[in-house]
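Structure file target-v5.cif (mmCIF, C-alpha atoms) is printed below.
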data_upload
#
loop_
_atom_site.label_atom_id
_atom_site.label_comp_id
_atom_site.auth_asym_id
_atom_site.auth_seq_id
_atom_site.Cartn_x
_atom_site.Cartn_y
_atom_site.Cartn_z
CA MET A 1 77.30 99.17 112.74
CA SER A 2 78.65 96.24 114.73
CA ALA A 3 80.50 93.22 113.37
CA ALA A 4 77.42 91.05 113.95
CA GLU A 5 75.23 93.43 111.92
CA LEU A 6 77.79 93.54 109.11
CA ILE A 7 78.09 89.75 109.08
CA ALA A 8 74.28 89.43 108.86
CA ALA A 9 74.17 91.84 105.91
CA LEU A 10 77.11 90.13 104.18
CA ALA A 11 75.73 86.61 104.74
CA ALA A 12 72.59 87.63 102.87
CA ALA A 13 74.61 89.17 100.02
CA VAL A 14 77.28 86.43 99.76
CA PRO A 15 75.64 83.02 100.21
CA GLY A 16 77.92 80.26 101.43
CA ALA A 17 80.55 82.52 103.00
CA GLN A 18 81.38 81.84 106.65
CA TYR A 19 82.39 85.06 108.40
CA GLU A 20 83.83 85.46 111.86
CA ALA A 21 83.82 88.57 114.06
CA LEU A 22 87.29 89.40 115.39
CA GLU A 23 88.12 91.24 118.58
CA SER A 24 90.44 94.22 118.42
CA ALA A 25 91.27 97.21 120.57
CA ASP A 26 89.00 99.45 118.50
CA SER A 27 86.17 96.98 117.75
CA ASP A 28 83.58 99.49 118.94
CA VAL A 29 84.75 101.98 116.26
CA THR A 30 86.01 99.68 113.50
CA PRO A 31 84.48 96.22 113.42
CA ALA A 32 86.83 93.49 112.21
CA ILE A 33 85.66 90.49 110.21
CA LEU A 34 87.57 87.39 109.12
CA VAL A 35 86.73 86.64 105.48
CA PRO A 36 87.50 83.35 103.68
CA VAL A 37 89.96 84.10 100.86
CA GLU A 38 87.70 82.45 98.26
CA HIS A 39 84.91 84.91 99.15
CA LEU A 40 87.02 88.08 99.31
CA LEU A 41 85.96 89.56 95.95
CA ALA A 42 82.28 88.81 96.47
CA THR A 43 82.49 90.31 99.96
CA ALA A 44 84.22 93.42 98.62
CA ARG A 45 81.52 93.89 95.98
CA ALA A 46 78.79 93.38 98.57
CA LEU A 47 80.38 95.96 100.88
CA ARG A 48 80.48 98.49 98.08
CA GLU A 49 77.16 97.81 96.35
CA THR A 50 74.72 96.67 99.07
CA PRO A 51 72.26 99.42 100.04
CA GLY A 52 72.83 100.27 103.67
CA LEU A 53 76.50 99.32 103.56
CA GLU A 54 77.97 101.37 100.68
CA PHE A 55 81.65 101.17 101.58
CA HIS A 56 82.76 103.19 98.55
CA ALA A 57 86.10 104.43 99.90
CA PHE A 58 89.05 102.03 100.04
CA SER A 59 91.45 103.16 102.73
CA ASP A 60 94.31 100.71 103.09
CA VAL A 61 95.64 97.18 102.65
CA THR A 62 98.57 95.76 104.56
CA ALA A 63 99.74 92.41 105.88
CA VAL A 64 100.96 90.80 109.08
CA ASP A 65 103.40 87.89 109.20
CA PHE A 66 102.84 85.45 112.09
CA TYR A 67 105.80 83.19 111.26
CA PRO A 68 106.57 80.79 113.01
CA ARG A 69 103.65 80.99 115.46
CA ARG A 70 100.77 80.28 113.12
CA GLU A 71 99.69 78.64 109.88
CA PRO A 72 98.36 80.09 107.67
CA ARG A 73 101.17 82.49 108.10
CA PHE A 74 99.80 85.83 106.82
CA ASP A 75 96.84 88.07 107.55
CA VAL A 76 96.05 90.44 104.70
CA VAL A 77 94.19 93.36 106.28
CA TYR A 78 91.84 95.70 104.39
CA HIS A 79 90.27 98.94 105.65
CA MET A 80 87.24 100.51 104.01
CA VAL A 81 85.09 103.55 104.78
CA SER A 82 81.46 104.31 104.09
CA PRO A 83 81.43 108.13 103.81
CA HIS A 84 77.63 108.31 103.70
CA ARG A 85 77.22 106.32 106.91
CA ARG A 86 80.46 107.54 108.52
CA ALA A 87 81.43 103.95 109.22
CA ARG A 88 84.57 101.88 108.89
CA VAL A 89 85.23 98.18 108.51
CA ARG A 90 88.35 96.01 108.71
CA LEU A 91 88.52 92.76 106.76
CA LYS A 92 91.16 90.11 107.43
CA VAL A 93 92.02 87.27 105.09
CA ARG A 94 94.34 84.49 106.28
CA VAL A 95 96.66 83.05 103.64
CA ALA A 96 99.52 80.58 103.52
CA LEU A 97 103.01 81.33 102.20
CA ASP A 98 102.40 80.69 98.50
CA GLN A 99 98.63 81.17 98.44
CA PRO A 100 97.48 83.96 96.11
CA VAL A 101 94.89 86.52 97.18
CA PRO A 102 92.38 87.91 94.67
CA SER A 103 93.08 91.53 93.84
CA VAL A 104 90.35 93.98 94.87
CA THR A 105 91.35 96.50 92.18
CA SER A 106 88.25 95.57 90.16
CA VAL A 107 86.14 96.80 93.11
CA TRP A 108 88.38 99.62 94.39
CA PRO A 109 90.93 100.68 91.72
CA GLY A 110 92.85 102.70 94.33
CA ALA A 111 94.01 99.46 95.94
CA GLY A 112 96.53 98.88 93.14
CA TRP A 113 99.51 100.71 94.60
CA MET A 114 98.93 99.32 98.08
CA GLU A 115 98.68 95.75 96.79
CA ARG A 116 101.98 96.30 94.97
CA GLU A 117 103.54 97.48 98.22
CA VAL A 118 102.31 94.38 100.10
CA PHE A 119 103.60 92.17 97.27
CA ASP A 120 106.98 93.89 97.34
CA LEU A 121 107.50 93.79 101.10
CA PHE A 122 105.74 90.50 102.03
CA GLY A 123 105.74 88.52 98.77
CA ILE A 124 101.96 88.00 98.80
CA VAL A 125 100.70 87.60 95.23
CA PHE A 126 97.47 89.38 94.27
CA GLU A 127 95.83 87.37 91.53
CA GLY A 128 94.28 89.52 88.80
CA HIS A 129 96.37 92.59 89.59
CA GLY A 130 97.24 94.31 86.32
CA ASP A 131 100.74 95.53 87.26
CA LEU A 132 102.17 93.46 90.11
CA ARG A 133 105.83 94.45 90.29
CA ARG A 134 108.14 95.89 92.91
CA LEU A 135 107.28 99.32 94.21
CA MET A 136 109.60 100.05 97.15
CA MET A 137 112.61 97.81 96.56
CA PRO A 138 114.87 97.80 93.46
CA ASP A 139 113.82 95.42 90.69
CA ASP A 140 116.82 93.13 91.31
CA TRP A 141 116.17 92.85 95.08
CA VAL A 142 116.06 89.30 96.38
CA GLY A 143 113.43 88.46 98.98
CA HIS A 144 110.73 90.39 100.81
CA PRO A 145 112.08 92.43 103.74
CA LEU A 146 108.97 92.49 105.99
CA ARG A 147 108.75 88.72 106.27
CA LYS A 148 109.73 87.43 109.69
CA ASP A 149 112.16 84.92 108.16
CA TYR A 150 113.93 87.53 106.00
CA PRO A 151 117.67 87.36 106.78
CA VAL A 152 118.88 90.52 108.45
CA GLN A 153 122.38 91.58 109.21
CA LEU A 154 122.77 91.45 112.96
CA ARG A 155 126.01 93.36 113.34
CA LYS A 156 127.52 96.02 111.18
CA ASP A 157 130.00 98.65 112.23
CA ALA A 158 128.79 102.15 111.57
CA ALA A 159 130.52 103.95 108.73
CA THR A 160 131.91 107.23 109.99
CA PHE A 161 133.68 109.98 108.15
CA MET A 162 135.98 112.62 109.52
CA PRO A 163 135.59 116.14 108.20
CA LEU A 164 138.44 117.37 106.05
CA GLN A 165 140.71 119.61 108.10
CA VAL A 166 142.56 122.27 106.12
CA THR A 167 144.53 125.30 107.19
CA ALA A 168 143.57 128.80 106.10
CA GLU A 169 146.47 128.81 103.62
CA GLU A 170 145.36 125.48 102.09
CA PHE A 171 141.79 126.78 101.82
CA ARG A 172 142.94 129.92 99.95
CA ALA A 173 145.16 127.81 97.66
CA ASN A 174 142.22 125.52 96.85
CA LEU A 175 140.03 128.53 96.01
CA GLU A 176 142.71 129.94 93.70
CA ARG A 177 143.19 126.57 92.03
CA ASP A 178 139.42 126.22 91.46
CA ARG A 179 139.24 129.73 89.96
CA THR A 180 142.01 129.00 87.48
CA VAL A 181 140.69 125.57 86.53
CA ARG A 182 137.06 126.73 86.06
CA PRO A 183 137.01 130.41 85.11
CA ARG A 184 133.60 132.05 85.34
CA SER A 185 131.82 133.13 82.18
CA LYS A 186 130.66 136.70 81.70
CA GLU A 187 127.04 135.70 82.24
CA GLY A 188 127.92 134.48 85.75
CA VAL A 189 126.95 130.88 85.04
#
Would you kindly transcribe this structure into structure tokens?
Amino acid sequence: MSAAELIAALAAAVPGAQYEALESADSDVTPAILVPVEHLLATARALRETPGLEFHAFSDVTAVDFYPRREPRFDVVYHMVSPHRRARVRLKVRVALDQPVPSVTSVWPGAGWMEREVFDLFGIVFEGHGDLRRLMMPDDWVGHPLRKDYPVQLRKDAATFMPLQVTAEEFRANLERDRTVRPRSKEGV
């Protein structure tokens, strides 16, 4: 199914939404459609529930940061699969820095972990997500490391360690010391 055919089916299922077909290197295999953020949930439901579409399998969600080249800054990218039709679709939603995106976990519950990952690494908030907290970074981490404006350390000397060099006599003495400090039990533990 081409992007134009998908847009026609979605336009009938989601009145008022303005979709745009996007070009990509694999457009012939996976059509890409730009979806307005306010119509994302309705579009997701239509993709899953419309006879003839039936995109029941959620595959992935990620994001791309276009800072400083473009506003809105982020593309949130969704991939879905229709196992019955053996078809794929890619949805893109463009959002600004502090603009929330509706969570698609009510349509595809498996999106929960992936939305948490995007939140953690890009700082994109998924409105309606039941457990939006850090997944990859420690809880006390400051910032979102996959943003283009995230401060990175440009120069750091590599930490190197030299192996401990001991003579054969020192090695034997260390073994004897360890045996006397920690004697083995009869069970061999």
Checklist entry - Do you have the atom CA of A:Lys148-atom CA of A:Ala63 distance handy? => result 11.8 Å
Next on the checklist: Excluding stretch 41-46 of chain A and its own-chain neighbours fewer than 6 positions away, which residues fall within 12 Å of it when counting only C-alpha atoms? Please give them as JSON, numbers by chain.
Outcome noted: {"A": [6, 7, 8, 9, 10, 11, 12, 13, 14, 15, 16, 17, 18, 19, 33, 34, 35, 52, 53, 54, 55, 56, 57, 58, 78, 79, 80, 81, 89, 90, 91, 92, 93, 101, 102, 103, 104, 105, 106, 107, 108, 111, 126, 127, 128]}
Checklist entry - Which of these residues is nearest to A:Phe122, using only C-alpha atoms: A:Ala168, A:Val77, A:Val142, A:Val64? => result A:Val64
When the PyMOL selection byres ((chain A and resi 73) around 9) is applied to the structure above, which residues does it catch, written out as a PDB file with C-alpha atoms, in the frame of the given file?
ATOM      1  CA  VAL A  64     100.960  90.800 109.080  1.00  0.00           C
ATOM      2  CA  ASP A  65     103.400  87.890 109.200  1.00  0.00           C
ATOM      3  CA  PHE A  66     102.840  85.450 112.090  1.00  0.00           C
ATOM      4  CA  TYR A  67     105.800  83.190 111.260  1.00  0.00           C
ATOM      5  CA  PRO A  68     106.570  80.790 113.010  1.00  0.00           C
ATOM      6  CA  ARG A  69     103.650  80.990 115.460  1.00  0.00           C
ATOM      7  CA  ARG A  70     100.770  80.280 113.120  1.00  0.00           C
ATOM      8  CA  GLU A  71      99.690  78.640 109.880  1.00  0.00           C
ATOM      9  CA  PRO A  72      98.360  80.090 107.670  1.00  0.00           C
ATOM     10  CA  PHE A  74      99.800  85.830 106.820  1.00  0.00           C
ATOM     11  CA  ASP A  75      96.840  88.070 107.550  1.00  0.00           C
ATOM     12  CA  ARG A  94      94.340  84.490 106.280  1.00  0.00           C
ATOM     13  CA  VAL A  95      96.660  83.050 103.640  1.00  0.00           C
ATOM     14  CA  ALA A  96      99.520  80.580 103.520  1.00  0.00           C
ATOM     15  CA  LEU A  97     103.010  81.330 102.200  1.00  0.00           C
TER      16      LEU A  97
END
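Atom CA of A:Pro109 lies 23.5 Å from atom CA of A:Asp139.
Of the residues listed (A:Trp113, A:Val166, A:Gly123, A:Asp28), A:Gly123 shows the shortest atom-to-atom separation from A:Tyr150; distances use only C-alpha atoms.
Excluding A:Asp98 and any residue on its chain fewer than 2 positions from it, the residues at most 8 Å away by all atoms listed in the file are Ala96, Pro100, Ile124 and Val125 of chain A.
Across the model, the gap from atom CA of A:Leu22 to atom CA of A:Ala4 is 10.1 Å.
Evaluated against this file, the PyMOL selection byres ((chain A and resi 117) around 12) yields Asp60, Val61, Thr62, Ala63, Ala111, Gly112, Trp113, Met114, Glu115, Arg116, Val118, Phe119, Asp120, Leu121, Phe122, Gly123, Ile124, Val125, Phe126, Asp131, Leu132, Arg133, Arg134, Leu135, Met136, Met137, His144, Pro145 and Leu146 of chain A.
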Checklist outcome for this item: Closest of A:Pro51, A:Pro31, A:Gly110, A:Pro163 to A:Arg85, counting only C-alpha atoms, is A:Pro51
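Residue nearest A:Ser82, chosen from A:Ala25, A:Met1, A:Ala173, A:Leu164 and counting only C-alpha atoms: A:Met1.
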6 Å per side around stretch 94-104 of chain A: axis-aligned box centre and edge lengths, as JSON:
{"center_x": 96.7, "center_y": 87.3, "center_z": 100.1, "size_x": 24.7, "size_y": 25.4, "size_z": 24.4}
What would stretch 116-150 of chain A look like with N, CA and C atoms restored, written as a PDB file, keeping the file's coordinate frame?
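What follows is the written file rebuild-v3.pdb:
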ATOM      1  N   ARG A 116     100.597  96.420  95.431  1.00  0.00           N
ATOM      2  CA  ARG A 116     101.980  96.300  94.970  1.00  0.00           C
ATOM      3  C   ARG A 116     102.960  96.414  96.136  1.00  0.00           C
ATOM      4  N   GLU A 117     102.676  97.311  97.062  1.00  0.00           N
ATOM      5  CA  GLU A 117     103.540  97.480  98.220  1.00  0.00           C
ATOM      6  C   GLU A 117     103.555  96.204  99.080  1.00  0.00           C
ATOM      7  N   VAL A 118     102.384  95.618  99.321  1.00  0.00           N
ATOM      8  CA  VAL A 118     102.310  94.380 100.100  1.00  0.00           C
ATOM      9  C   VAL A 118     103.029  93.248  99.370  1.00  0.00           C
ATOM     10  N   PHE A 119     102.871  93.175  98.055  1.00  0.00           N
ATOM     11  CA  PHE A 119     103.600  92.170  97.270  1.00  0.00           C
ATOM     12  C   PHE A 119     105.105  92.360  97.421  1.00  0.00           C
ATOM     13  N   ASP A 120     105.557  93.586  97.290  1.00  0.00           N
ATOM     14  CA  ASP A 120     106.980  93.890  97.340  1.00  0.00           C
ATOM     15  C   ASP A 120     107.584  93.544  98.699  1.00  0.00           C
ATOM     16  N   LEU A 121     106.918  93.920  99.764  1.00  0.00           N
ATOM     17  CA  LEU A 121     107.500  93.790 101.100  1.00  0.00           C
ATOM     18  C   LEU A 121     107.214  92.446 101.768  1.00  0.00           C
ATOM     19  N   PHE A 122     106.098  91.786 101.412  1.00  0.00           N
ATOM     20  CA  PHE A 122     105.740  90.500 102.030  1.00  0.00           C
ATOM     21  C   PHE A 122     105.785  89.331 101.050  1.00  0.00           C
ATOM     22  N   GLY A 123     105.736  89.592  99.756  1.00  0.00           N
ATOM     23  CA  GLY A 123     105.740  88.520  98.770  1.00  0.00           C
ATOM     24  C   GLY A 123     104.374  87.888  98.555  1.00  0.00           C
ATOM     25  N   ILE A 124     103.309  88.519  99.004  1.00  0.00           N
ATOM     26  CA  ILE A 124     101.960  88.000  98.800  1.00  0.00           C
ATOM     27  C   ILE A 124     101.511  88.375  97.399  1.00  0.00           C
ATOM     28  N   VAL A 125     101.096  87.386  96.627  1.00  0.00           N
ATOM     29  CA  VAL A 125     100.700  87.600  95.230  1.00  0.00           C
ATOM     30  C   VAL A 125      99.218  87.909  95.177  1.00  0.00           C
ATOM     31  N   PHE A 126      98.867  88.987  94.457  1.00  0.00           N
ATOM     32  CA  PHE A 126      97.470  89.380  94.270  1.00  0.00           C
ATOM     33  C   PHE A 126      97.057  88.983  92.860  1.00  0.00           C
ATOM     34  N   GLU A 127      96.273  87.919  92.790  1.00  0.00           N
ATOM     35  CA  GLU A 127      95.830  87.370  91.530  1.00  0.00           C
ATOM     36  C   GLU A 127      94.874  88.334  90.830  1.00  0.00           C
ATOM     37  N   GLY A 128      95.125  88.614  89.561  1.00  0.00           N
ATOM     38  CA  GLY A 128      94.280  89.520  88.800  1.00  0.00           C
ATOM     39  C   GLY A 128      94.728  90.972  88.858  1.00  0.00           C
ATOM     40  N   HIS A 129      95.826  91.236  89.545  1.00  0.00           N
ATOM     41  CA  HIS A 129      96.370  92.590  89.590  1.00  0.00           C
ATOM     42  C   HIS A 129      97.032  92.877  88.249  1.00  0.00           C
ATOM     43  N   GLY A 130      96.751  94.008  87.651  1.00  0.00           N
ATOM     44  CA  GLY A 130      97.240  94.310  86.320  1.00  0.00           C
ATOM     45  C   GLY A 130      98.718  94.676  86.225  1.00  0.00           C
ATOM     46  N   ASP A 131      99.363  95.045  87.332  1.00  0.00           N
ATOM     47  CA  ASP A 131     100.740  95.530  87.260  1.00  0.00           C
ATOM     48  C   ASP A 131     101.473  95.177  88.554  1.00  0.00           C
ATOM     49  N   LEU A 132     101.560  93.898  88.859  1.00  0.00           N
ATOM     50  CA  LEU A 132     102.170  93.460  90.110  1.00  0.00           C
ATOM     51  C   LEU A 132     103.677  93.358  89.950  1.00  0.00           C
ATOM     52  N   ARG A 133     104.366  94.427  90.319  1.00  0.00           N
ATOM     53  CA  ARG A 133     105.830  94.450  90.290  1.00  0.00           C
ATOM     54  C   ARG A 133     106.310  95.245  91.496  1.00  0.00           C
ATOM     55  N   ARG A 134     107.576  95.216  91.737  1.00  0.00           N
ATOM     56  CA  ARG A 134     108.140  95.890  92.910  1.00  0.00           C
ATOM     57  C   ARG A 134     107.818  97.373  92.888  1.00  0.00           C
ATOM     58  N   LEU A 135     107.608  97.903  94.080  1.00  0.00           N
ATOM     59  CA  LEU A 135     107.280  99.320  94.210  1.00  0.00           C
ATOM     60  C   LEU A 135     108.300 100.032  95.095  1.00  0.00           C
ATOM     61  N   MET A 136     108.700  99.408  96.187  1.00  0.00           N
ATOM     62  CA  MET A 136     109.600 100.050  97.150  1.00  0.00           C
ATOM     63  C   MET A 136     111.062  99.621  96.957  1.00  0.00           C
ATOM     64  N   MET A 137     111.264  98.359  96.669  1.00  0.00           N
ATOM     65  CA  MET A 137     112.610  97.810  96.560  1.00  0.00           C
ATOM     66  C   MET A 137     113.067  97.847  95.103  1.00  0.00           C
ATOM     67  N   PRO A 138     114.377  97.842  94.851  1.00  0.00           N
ATOM     68  CA  PRO A 138     114.870  97.800  93.460  1.00  0.00           C
ATOM     69  C   PRO A 138     114.414  96.511  92.773  1.00  0.00           C
ATOM     70  N   ASP A 139     114.309  96.560  91.456  1.00  0.00           N
ATOM     71  CA  ASP A 139     113.820  95.420  90.690  1.00  0.00           C
ATOM     72  C   ASP A 139     114.656  94.153  90.905  1.00  0.00           C
ATOM     73  N   ASP A 140     115.959  94.303  91.153  1.00  0.00           N
ATOM     74  CA  ASP A 140     116.820  93.130  91.310  1.00  0.00           C
ATOM     75  C   ASP A 140     116.939  92.669  92.764  1.00  0.00           C
ATOM     76  N   TRP A 141     116.120  93.224  93.660  1.00  0.00           N
ATOM     77  CA  TRP A 141     116.170  92.850  95.080  1.00  0.00           C
ATOM     78  C   TRP A 141     115.724  91.411  95.245  1.00  0.00           C
ATOM     79  N   VAL A 142     116.397  90.691  96.113  1.00  0.00           N
ATOM     80  CA  VAL A 142     116.060  89.300  96.380  1.00  0.00           C
ATOM     81  C   VAL A 142     115.344  89.219  97.720  1.00  0.00           C
ATOM     82  N   GLY A 143     114.160  88.649  97.736  1.00  0.00           N
ATOM     83  CA  GLY A 143     113.430  88.460  98.980  1.00  0.00           C
ATOM     84  C   GLY A 143     112.423  89.567  99.249  1.00  0.00           C
ATOM     85  N   HIS A 144     111.780  89.458 100.412  1.00  0.00           N
ATOM     86  CA  HIS A 144     110.730  90.390 100.810  1.00  0.00           C
ATOM     87  C   HIS A 144     111.016  90.808 102.253  1.00  0.00           C
ATOM     88  N   PRO A 145     111.480  92.036 102.467  1.00  0.00           N
ATOM     89  CA  PRO A 145     112.080  92.430 103.740  1.00  0.00           C
ATOM     90  C   PRO A 145     111.144  92.496 104.955  1.00  0.00           C
ATOM     91  N   LEU A 146     109.826  92.463 104.800  1.00  0.00           N
ATOM     92  CA  LEU A 146     108.970  92.490 105.990  1.00  0.00           C
ATOM     93  C   LEU A 146     108.522  91.105 106.437  1.00  0.00           C
ATOM     94  N   ARG A 147     109.024  90.070 105.789  1.00  0.00           N
ATOM     95  CA  ARG A 147     108.750  88.720 106.270  1.00  0.00           C
ATOM     96  C   ARG A 147     109.585  88.453 107.512  1.00  0.00           C
ATOM     97  N   LYS A 148     109.010  87.710 108.438  1.00  0.00           N
ATOM     98  CA  LYS A 148     109.730  87.430 109.690  1.00  0.00           C
ATOM     99  C   LYS A 148     110.968  86.562 109.477  1.00  0.00           C
ATOM    100  N   ASP A 149     110.999  85.776 108.411  1.00  0.00           N
ATOM    101  CA  ASP A 149     112.160  84.920 108.160  1.00  0.00           C
ATOM    102  C   ASP A 149     113.161  85.556 107.188  1.00  0.00           C
ATOM    103  N   TYR A 150     112.994  86.837 106.890  1.00  0.00           N
ATOM    104  CA  TYR A 150     113.930  87.530 106.000  1.00  0.00           C
ATOM    105  C   TYR A 150     115.266  87.674 106.730  1.00  0.00           C
TER     106      TYR A 150
END
